[in-house]
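Below is one structure, written out as structure tokens; comments come after it.
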Amino acid sequence: MSGRPAPAPLLIACALGIEQFALRRGGRTTPGGPVTVLRTGMGPAAAERSVTRVLADPALHGAAVLATGFCAGLASGMHPGDLVVAEETRDPRGSVPCVGTELLVKELVCTVPGRTVHTGPLTGSDHVVRGHERSDLLATGAIAVDMESAATLLSAVRTAERPVAAVRVVVDAPEHELVRIGTVRGGISAFRVLRSVLPAFYEWHRSLLLPRR
């Protein structure tokens, strides 16, 4: 007996069609187990509904859940295409600690060389954050904000105990606000980074099988 856990599914959740398109290489089996890429729809309510529904499928029993897609950076000096690895996600309903943050940072540095990786709390919002709202959220200790990660992870851990994580790509930041994703250089840069991150996600998933010391 090796004590090695059996392969478990991985659910990668994103909100937008353009995010799902960037992750189109997903949806296969890796050494960690089968992979499903779920498009939840925009906003926390849509994310909660979609994730709760999909995790009710017996085929996804025990699945690890990773929320990904684009986000807004909150700190000065962040740039489109930077990566955010959440140490926890939070919204008014509570916070969820993430698993394997250090490994994700290490793998992303190798997978997307030259890109800055930020770590810290990732906060949730029910609307697109602009202007002074950024500084208000930064004052809470959060480093980035998006609309779905907090709801995704909270829904995931409410259905069962499971490993969860969130990795987001900065699409706009205080000095680089976008009007529409994909129409300017920042959006294109973020898309290219998101398109490259799957190997790091798969390595995180595989690491969950390693025996704990």
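Here, A, B, ... name the chains of the structure tokens in the order displayed, residue numbers run from 1 inside each chain, and ligands are numbered from 1 in the same displayed order.
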Worksheet item: Do you know which residues are at most 12 Å from range 106-114 of chain A counting only C-alpha atoms, after dropping those on the same chain fewer than 5 positions away, and could you put them as a VMD selection string?
Response: chain A and resid 81 to 85 100 to 101 119 167 to 169 190 192 to 207
Discussion item. DSSP on the backbone, alpha helix (DSSP H) only: what residues of range 109-149 of chain A does that give? Format it as an MDAnalysis selection string.
Written reply: chainID A and resid 109:111 132:138 149
Deliver the residues from the most recent selection as a file, using N, CA, C and O atoms, as a compact mmCIF listing (two decimals), in the first residue's frame.
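Listed below is the output, part23.txt:
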```
# COMPACT_ATOMS: atom_id res chain seq x y z
N VAL A 109 5.38 30.76 -12.15
CA VAL A 109 6.64 31.42 -12.50
C VAL A 109 7.36 30.65 -13.60
O VAL A 109 7.94 31.23 -14.52
N CYS A 110 7.30 29.31 -13.53
CA CYS A 110 7.94 28.48 -14.55
C CYS A 110 7.13 28.44 -15.84
O CYS A 110 7.69 28.43 -16.94
N THR A 111 5.80 28.42 -15.71
CA THR A 111 4.93 28.26 -16.87
C THR A 111 4.79 29.53 -17.68
O THR A 111 4.70 29.50 -18.91
N HIS A 132 -12.67 55.04 -7.21
CA HIS A 132 -12.37 55.07 -5.78
C HIS A 132 -12.67 53.75 -5.08
O HIS A 132 -12.13 53.48 -3.99
N GLU A 133 -13.53 52.92 -5.66
CA GLU A 133 -13.82 51.63 -5.04
C GLU A 133 -12.57 50.78 -4.91
O GLU A 133 -12.45 49.96 -3.99
N ARG A 134 -11.64 50.94 -5.84
CA ARG A 134 -10.40 50.18 -5.75
C ARG A 134 -9.66 50.48 -4.45
O ARG A 134 -9.22 49.56 -3.75
N SER A 135 -9.50 51.76 -4.15
CA SER A 135 -8.76 52.12 -2.93
C SER A 135 -9.50 51.69 -1.68
O SER A 135 -8.88 51.29 -0.68
N ASP A 136 -10.84 51.71 -1.72
CA ASP A 136 -11.62 51.24 -0.58
C ASP A 136 -11.37 49.74 -0.33
O ASP A 136 -11.21 49.31 0.82
N LEU A 137 -11.33 48.96 -1.39
CA LEU A 137 -11.10 47.52 -1.25
C LEU A 137 -9.65 47.24 -0.88
O LEU A 137 -9.37 46.33 -0.10
N LEU A 138 -8.72 48.00 -1.44
CA LEU A 138 -7.31 47.83 -1.09
C LEU A 138 -7.10 48.05 0.40
O LEU A 138 -6.30 47.37 1.04
N SER A 149 -14.92 34.44 -7.98
CA SER A 149 -14.05 33.49 -7.25
C SER A 149 -14.55 33.20 -5.85
O SER A 149 -14.60 32.04 -5.42
```
Give the strand (DSSP E or B) residues of range 49-181 of chain A, as assigned by DSSP on the backbone, as a PDB file with N, CA and C atoms, in the first residue's frame.
```
ATOM      1  N   ALA A  64     -11.463  18.621  -6.758  1.00  0.00           N
ATOM      2  CA  ALA A  64     -10.795  19.872  -6.407  1.00  0.00           C
ATOM      3  C   ALA A  64     -11.379  20.970  -7.291  1.00  0.00           C
ATOM      4  N   VAL A  65     -11.441  22.175  -6.768  1.00  0.00           N
ATOM      5  CA  VAL A  65     -12.051  23.285  -7.503  1.00  0.00           C
ATOM      6  C   VAL A  65     -11.073  24.448  -7.577  1.00  0.00           C
ATOM      7  N   LEU A  66     -10.871  24.951  -8.785  1.00  0.00           N
ATOM      8  CA  LEU A  66      -9.988  26.095  -9.002  1.00  0.00           C
ATOM      9  C   LEU A  66     -10.758  27.149  -9.797  1.00  0.00           C
ATOM     10  N   ALA A  67     -10.901  28.331  -9.208  1.00  0.00           N
ATOM     11  CA  ALA A  67     -11.561  29.454  -9.882  1.00  0.00           C
ATOM     12  C   ALA A  67     -10.517  30.266 -10.632  1.00  0.00           C
ATOM     13  N   THR A  68     -10.832  30.640 -11.875  1.00  0.00           N
ATOM     14  CA  THR A  68      -9.866  31.398 -12.648  1.00  0.00           C
ATOM     15  C   THR A  68     -10.581  32.341 -13.604  1.00  0.00           C
ATOM     16  N   GLY A  69      -9.799  33.109 -14.333  1.00  0.00           N
ATOM     17  CA  GLY A  69     -10.326  34.108 -15.253  1.00  0.00           C
ATOM     18  C   GLY A  69      -9.621  35.436 -15.025  1.00  0.00           C
ATOM     19  N   PHE A  70     -10.301  36.503 -15.374  1.00  0.00           N
ATOM     20  CA  PHE A  70      -9.719  37.837 -15.251  1.00  0.00           C
ATOM     21  C   PHE A  70     -10.122  38.486 -13.927  1.00  0.00           C
ATOM     22  N   CYS A  71      -9.353  39.512 -13.543  1.00  0.00           N
ATOM     23  CA  CYS A  71      -9.667  40.260 -12.329  1.00  0.00           C
ATOM     24  C   CYS A  71      -9.180  41.687 -12.478  1.00  0.00           C
ATOM     25  N   ALA A  72      -9.572  42.515 -11.531  1.00  0.00           N
ATOM     26  CA  ALA A  72      -9.070  43.884 -11.444  1.00  0.00           C
ATOM     27  C   ALA A  72      -8.033  43.951 -10.339  1.00  0.00           C
ATOM     28  N   GLY A  73      -6.845  44.446 -10.661  1.00  0.00           N
ATOM     29  CA  GLY A  73      -5.846  44.677  -9.643  1.00  0.00           C
ATOM     30  C   GLY A  73      -6.192  45.904  -8.823  1.00  0.00           C
ATOM     31  N   LEU A  83      -0.304  38.044 -12.660  1.00  0.00           N
ATOM     32  CA  LEU A  83      -1.095  36.948 -12.097  1.00  0.00           C
ATOM     33  C   LEU A  83      -1.351  37.179 -10.618  1.00  0.00           C
ATOM     34  N   VAL A  84      -2.515  36.755 -10.166  1.00  0.00           N
ATOM     35  CA  VAL A  84      -2.888  36.820  -8.758  1.00  0.00           C
ATOM     36  C   VAL A  84      -3.204  35.410  -8.278  1.00  0.00           C
ATOM     37  N   VAL A  85      -2.467  34.940  -7.286  1.00  0.00           N
ATOM     38  CA  VAL A  85      -2.750  33.658  -6.636  1.00  0.00           C
ATOM     39  C   VAL A  85      -3.338  33.980  -5.271  1.00  0.00           C
ATOM     40  N   ALA A  86      -4.577  33.609  -5.068  1.00  0.00           N
ATOM     41  CA  ALA A  86      -5.271  33.965  -3.827  1.00  0.00           C
ATOM     42  C   ALA A  86      -4.774  33.124  -2.663  1.00  0.00           C
ATOM     43  N   GLU A  87      -4.477  33.789  -1.553  1.00  0.00           N
ATOM     44  CA  GLU A  87      -4.251  33.072  -0.298  1.00  0.00           C
ATOM     45  C   GLU A  87      -5.584  32.723   0.341  1.00  0.00           C
ATOM     46  N   GLU A  88      -6.574  33.555   0.081  1.00  0.00           N
ATOM     47  CA  GLU A  88      -7.952  33.286   0.485  1.00  0.00           C
ATOM     48  C   GLU A  88      -8.858  34.097  -0.420  1.00  0.00           C
ATOM     49  N   THR A  89     -10.110  33.642  -0.547  1.00  0.00           N
ATOM     50  CA  THR A  89     -11.131  34.453  -1.190  1.00  0.00           C
ATOM     51  C   THR A  89     -12.086  34.924  -0.109  1.00  0.00           C
ATOM     52  N   ARG A  90     -12.673  36.096  -0.318  1.00  0.00           N
ATOM     53  CA  ARG A  90     -13.567  36.636   0.705  1.00  0.00           C
ATOM     54  C   ARG A  90     -14.671  37.463   0.058  1.00  0.00           C
ATOM     55  N   ASP A  91     -15.813  37.429   0.698  1.00  0.00           N
ATOM     56  CA  ASP A  91     -16.921  38.319   0.359  1.00  0.00           C
ATOM     57  C   ASP A  91     -17.729  38.521   1.639  1.00  0.00           C
ATOM     58  N   GLY A  94     -18.236  35.510   4.008  1.00  0.00           N
ATOM     59  CA  GLY A  94     -17.148  34.818   4.691  1.00  0.00           C
ATOM     60  C   GLY A  94     -15.928  34.655   3.803  1.00  0.00           C
ATOM     61  N   SER A  95     -14.905  34.022   4.345  1.00  0.00           N
ATOM     62  CA  SER A  95     -13.660  33.799   3.614  1.00  0.00           C
ATOM     63  C   SER A  95     -13.386  32.302   3.500  1.00  0.00           C
ATOM     64  N   VAL A  96     -12.650  31.943   2.454  1.00  0.00           N
ATOM     65  CA  VAL A  96     -12.278  30.551   2.219  1.00  0.00           C
ATOM     66  C   VAL A  96     -10.774  30.505   1.988  1.00  0.00           C
ATOM     67  N   PRO A  97     -10.018  29.774   2.818  1.00  0.00           N
ATOM     68  CA  PRO A  97      -8.575  29.653   2.602  1.00  0.00           C
ATOM     69  C   PRO A  97      -8.279  28.769   1.396  1.00  0.00           C
ATOM     70  N   VAL A 117       3.839  37.593 -10.323  1.00  0.00           N
ATOM     71  CA  VAL A 117       2.809  36.838  -9.602  1.00  0.00           C
ATOM     72  C   VAL A 117       2.616  37.482  -8.231  1.00  0.00           C
ATOM     73  N   HIS A 118       1.402  37.920  -7.934  1.00  0.00           N
ATOM     74  CA  HIS A 118       1.061  38.529  -6.658  1.00  0.00           C
ATOM     75  C   HIS A 118       0.289  37.521  -5.816  1.00  0.00           C
ATOM     76  N   THR A 119       0.492  37.544  -4.512  1.00  0.00           N
ATOM     77  CA  THR A 119      -0.280  36.696  -3.609  1.00  0.00           C
ATOM     78  C   THR A 119      -0.923  37.562  -2.535  1.00  0.00           C
ATOM     79  N   GLY A 120      -2.102  37.129  -2.091  1.00  0.00           N
ATOM     80  CA  GLY A 120      -2.821  37.852  -1.055  1.00  0.00           C
ATOM     81  C   GLY A 120      -4.302  37.547  -1.147  1.00  0.00           C
ATOM     82  N   PRO A 121      -5.110  38.228  -0.373  1.00  0.00           N
ATOM     83  CA  PRO A 121      -6.555  38.004  -0.415  1.00  0.00           C
ATOM     84  C   PRO A 121      -7.173  38.508  -1.723  1.00  0.00           C
ATOM     85  N   LEU A 122      -8.092  37.721  -2.237  1.00  0.00           N
ATOM     86  CA  LEU A 122      -8.856  38.068  -3.442  1.00  0.00           C
ATOM     87  C   LEU A 122     -10.296  38.295  -3.001  1.00  0.00           C
ATOM     88  N   THR A 123     -10.794  39.493  -3.195  1.00  0.00           N
ATOM     89  CA  THR A 123     -12.125  39.824  -2.695  1.00  0.00           C
ATOM     90  C   THR A 123     -13.166  39.755  -3.807  1.00  0.00           C
ATOM     91  N   GLY A 124     -14.417  39.553  -3.411  1.00  0.00           N
ATOM     92  CA  GLY A 124     -15.508  39.441  -4.365  1.00  0.00           C
ATOM     93  C   GLY A 124     -16.348  40.699  -4.422  1.00  0.00           C
ATOM     94  N   ALA A 144      -6.741  42.160  -5.123  1.00  0.00           N
ATOM     95  CA  ALA A 144      -7.455  42.105  -6.399  1.00  0.00           C
ATOM     96  C   ALA A 144      -8.917  41.787  -6.120  1.00  0.00           C
ATOM     97  N   VAL A 145      -9.752  42.032  -7.138  1.00  0.00           N
ATOM     98  CA  VAL A 145     -11.191  41.807  -6.998  1.00  0.00           C
ATOM     99  C   VAL A 145     -11.736  41.193  -8.281  1.00  0.00           C
ATOM    100  N   ASP A 146     -12.674  40.276  -8.121  1.00  0.00           N
ATOM    101  CA  ASP A 146     -13.439  39.771  -9.255  1.00  0.00           C
ATOM    102  C   ASP A 146     -14.834  39.424  -8.762  1.00  0.00           C
ATOM    103  N   VAL A 164      -9.327  23.754  -2.654  1.00  0.00           N
ATOM    104  CA  VAL A 164      -9.784  24.828  -3.536  1.00  0.00           C
ATOM    105  C   VAL A 164      -8.651  25.841  -3.715  1.00  0.00           C
ATOM    106  N   ALA A 165      -8.709  26.556  -4.827  1.00  0.00           N
ATOM    107  CA  ALA A 165      -7.722  27.599  -5.109  1.00  0.00           C
ATOM    108  C   ALA A 165      -8.333  28.583  -6.089  1.00  0.00           C
ATOM    109  N   ALA A 166      -7.686  29.722  -6.204  1.00  0.00           N
ATOM    110  CA  ALA A 166      -8.121  30.736  -7.168  1.00  0.00           C
ATOM    111  C   ALA A 166      -6.900  31.409  -7.762  1.00  0.00           C
ATOM    112  N   VAL A 167      -6.854  31.452  -9.071  1.00  0.00           N
ATOM    113  CA  VAL A 167      -5.778  32.126  -9.802  1.00  0.00           C
ATOM    114  C   VAL A 167      -6.434  33.035 -10.835  1.00  0.00           C
ATOM    115  N   ARG A 168      -6.099  34.300 -10.787  1.00  0.00           N
ATOM    116  CA  ARG A 168      -6.693  35.267 -11.713  1.00  0.00           C
ATOM    117  C   ARG A 168      -5.606  36.033 -12.452  1.00  0.00           C
ATOM    118  N   VAL A 169      -5.952  36.494 -13.656  1.00  0.00           N
ATOM    119  CA  VAL A 169      -5.052  37.311 -14.463  1.00  0.00           C
ATOM    120  C   VAL A 169      -5.577  38.745 -14.442  1.00  0.00           C
ATOM    121  N   VAL A 170      -4.706  39.671 -14.098  1.00  0.00           N
ATOM    122  CA  VAL A 170      -5.100  41.079 -14.044  1.00  0.00           C
ATOM    123  C   VAL A 170      -5.398  41.577 -15.455  1.00  0.00           C
ATOM    124  N   VAL A 171      -6.605  42.081 -15.650  1.00  0.00           N
ATOM    125  CA  VAL A 171      -6.975  42.636 -16.946  1.00  0.00           C
ATOM    126  C   VAL A 171      -6.994  44.161 -16.907  1.00  0.00           C
ATOM    127  N   ASP A 172      -7.187  44.715 -15.717  1.00  0.00           N
ATOM    128  CA  ASP A 172      -7.007  46.155 -15.554  1.00  0.00           C
ATOM    129  C   ASP A 172      -6.556  46.449 -14.131  1.00  0.00           C
TER     130      ASP A 172
END
```
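Proximity ranking of A:Pro80, A:Gly33, A:Pro92, A:Pro9 relative to Leu154 in chain A places A:Pro92 first, based on only C-alpha atoms.
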Worksheet, complete the sentence: Restricting to only C-alpha atoms, whichever of A:Leu23, A:Val128, A:Val54, A:Leu60 is closest to Phe191 in chain A is A:Leu23
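Here CA of His61 in chain A and CA of Val105 in chain A stand 26.7 Å from one another.
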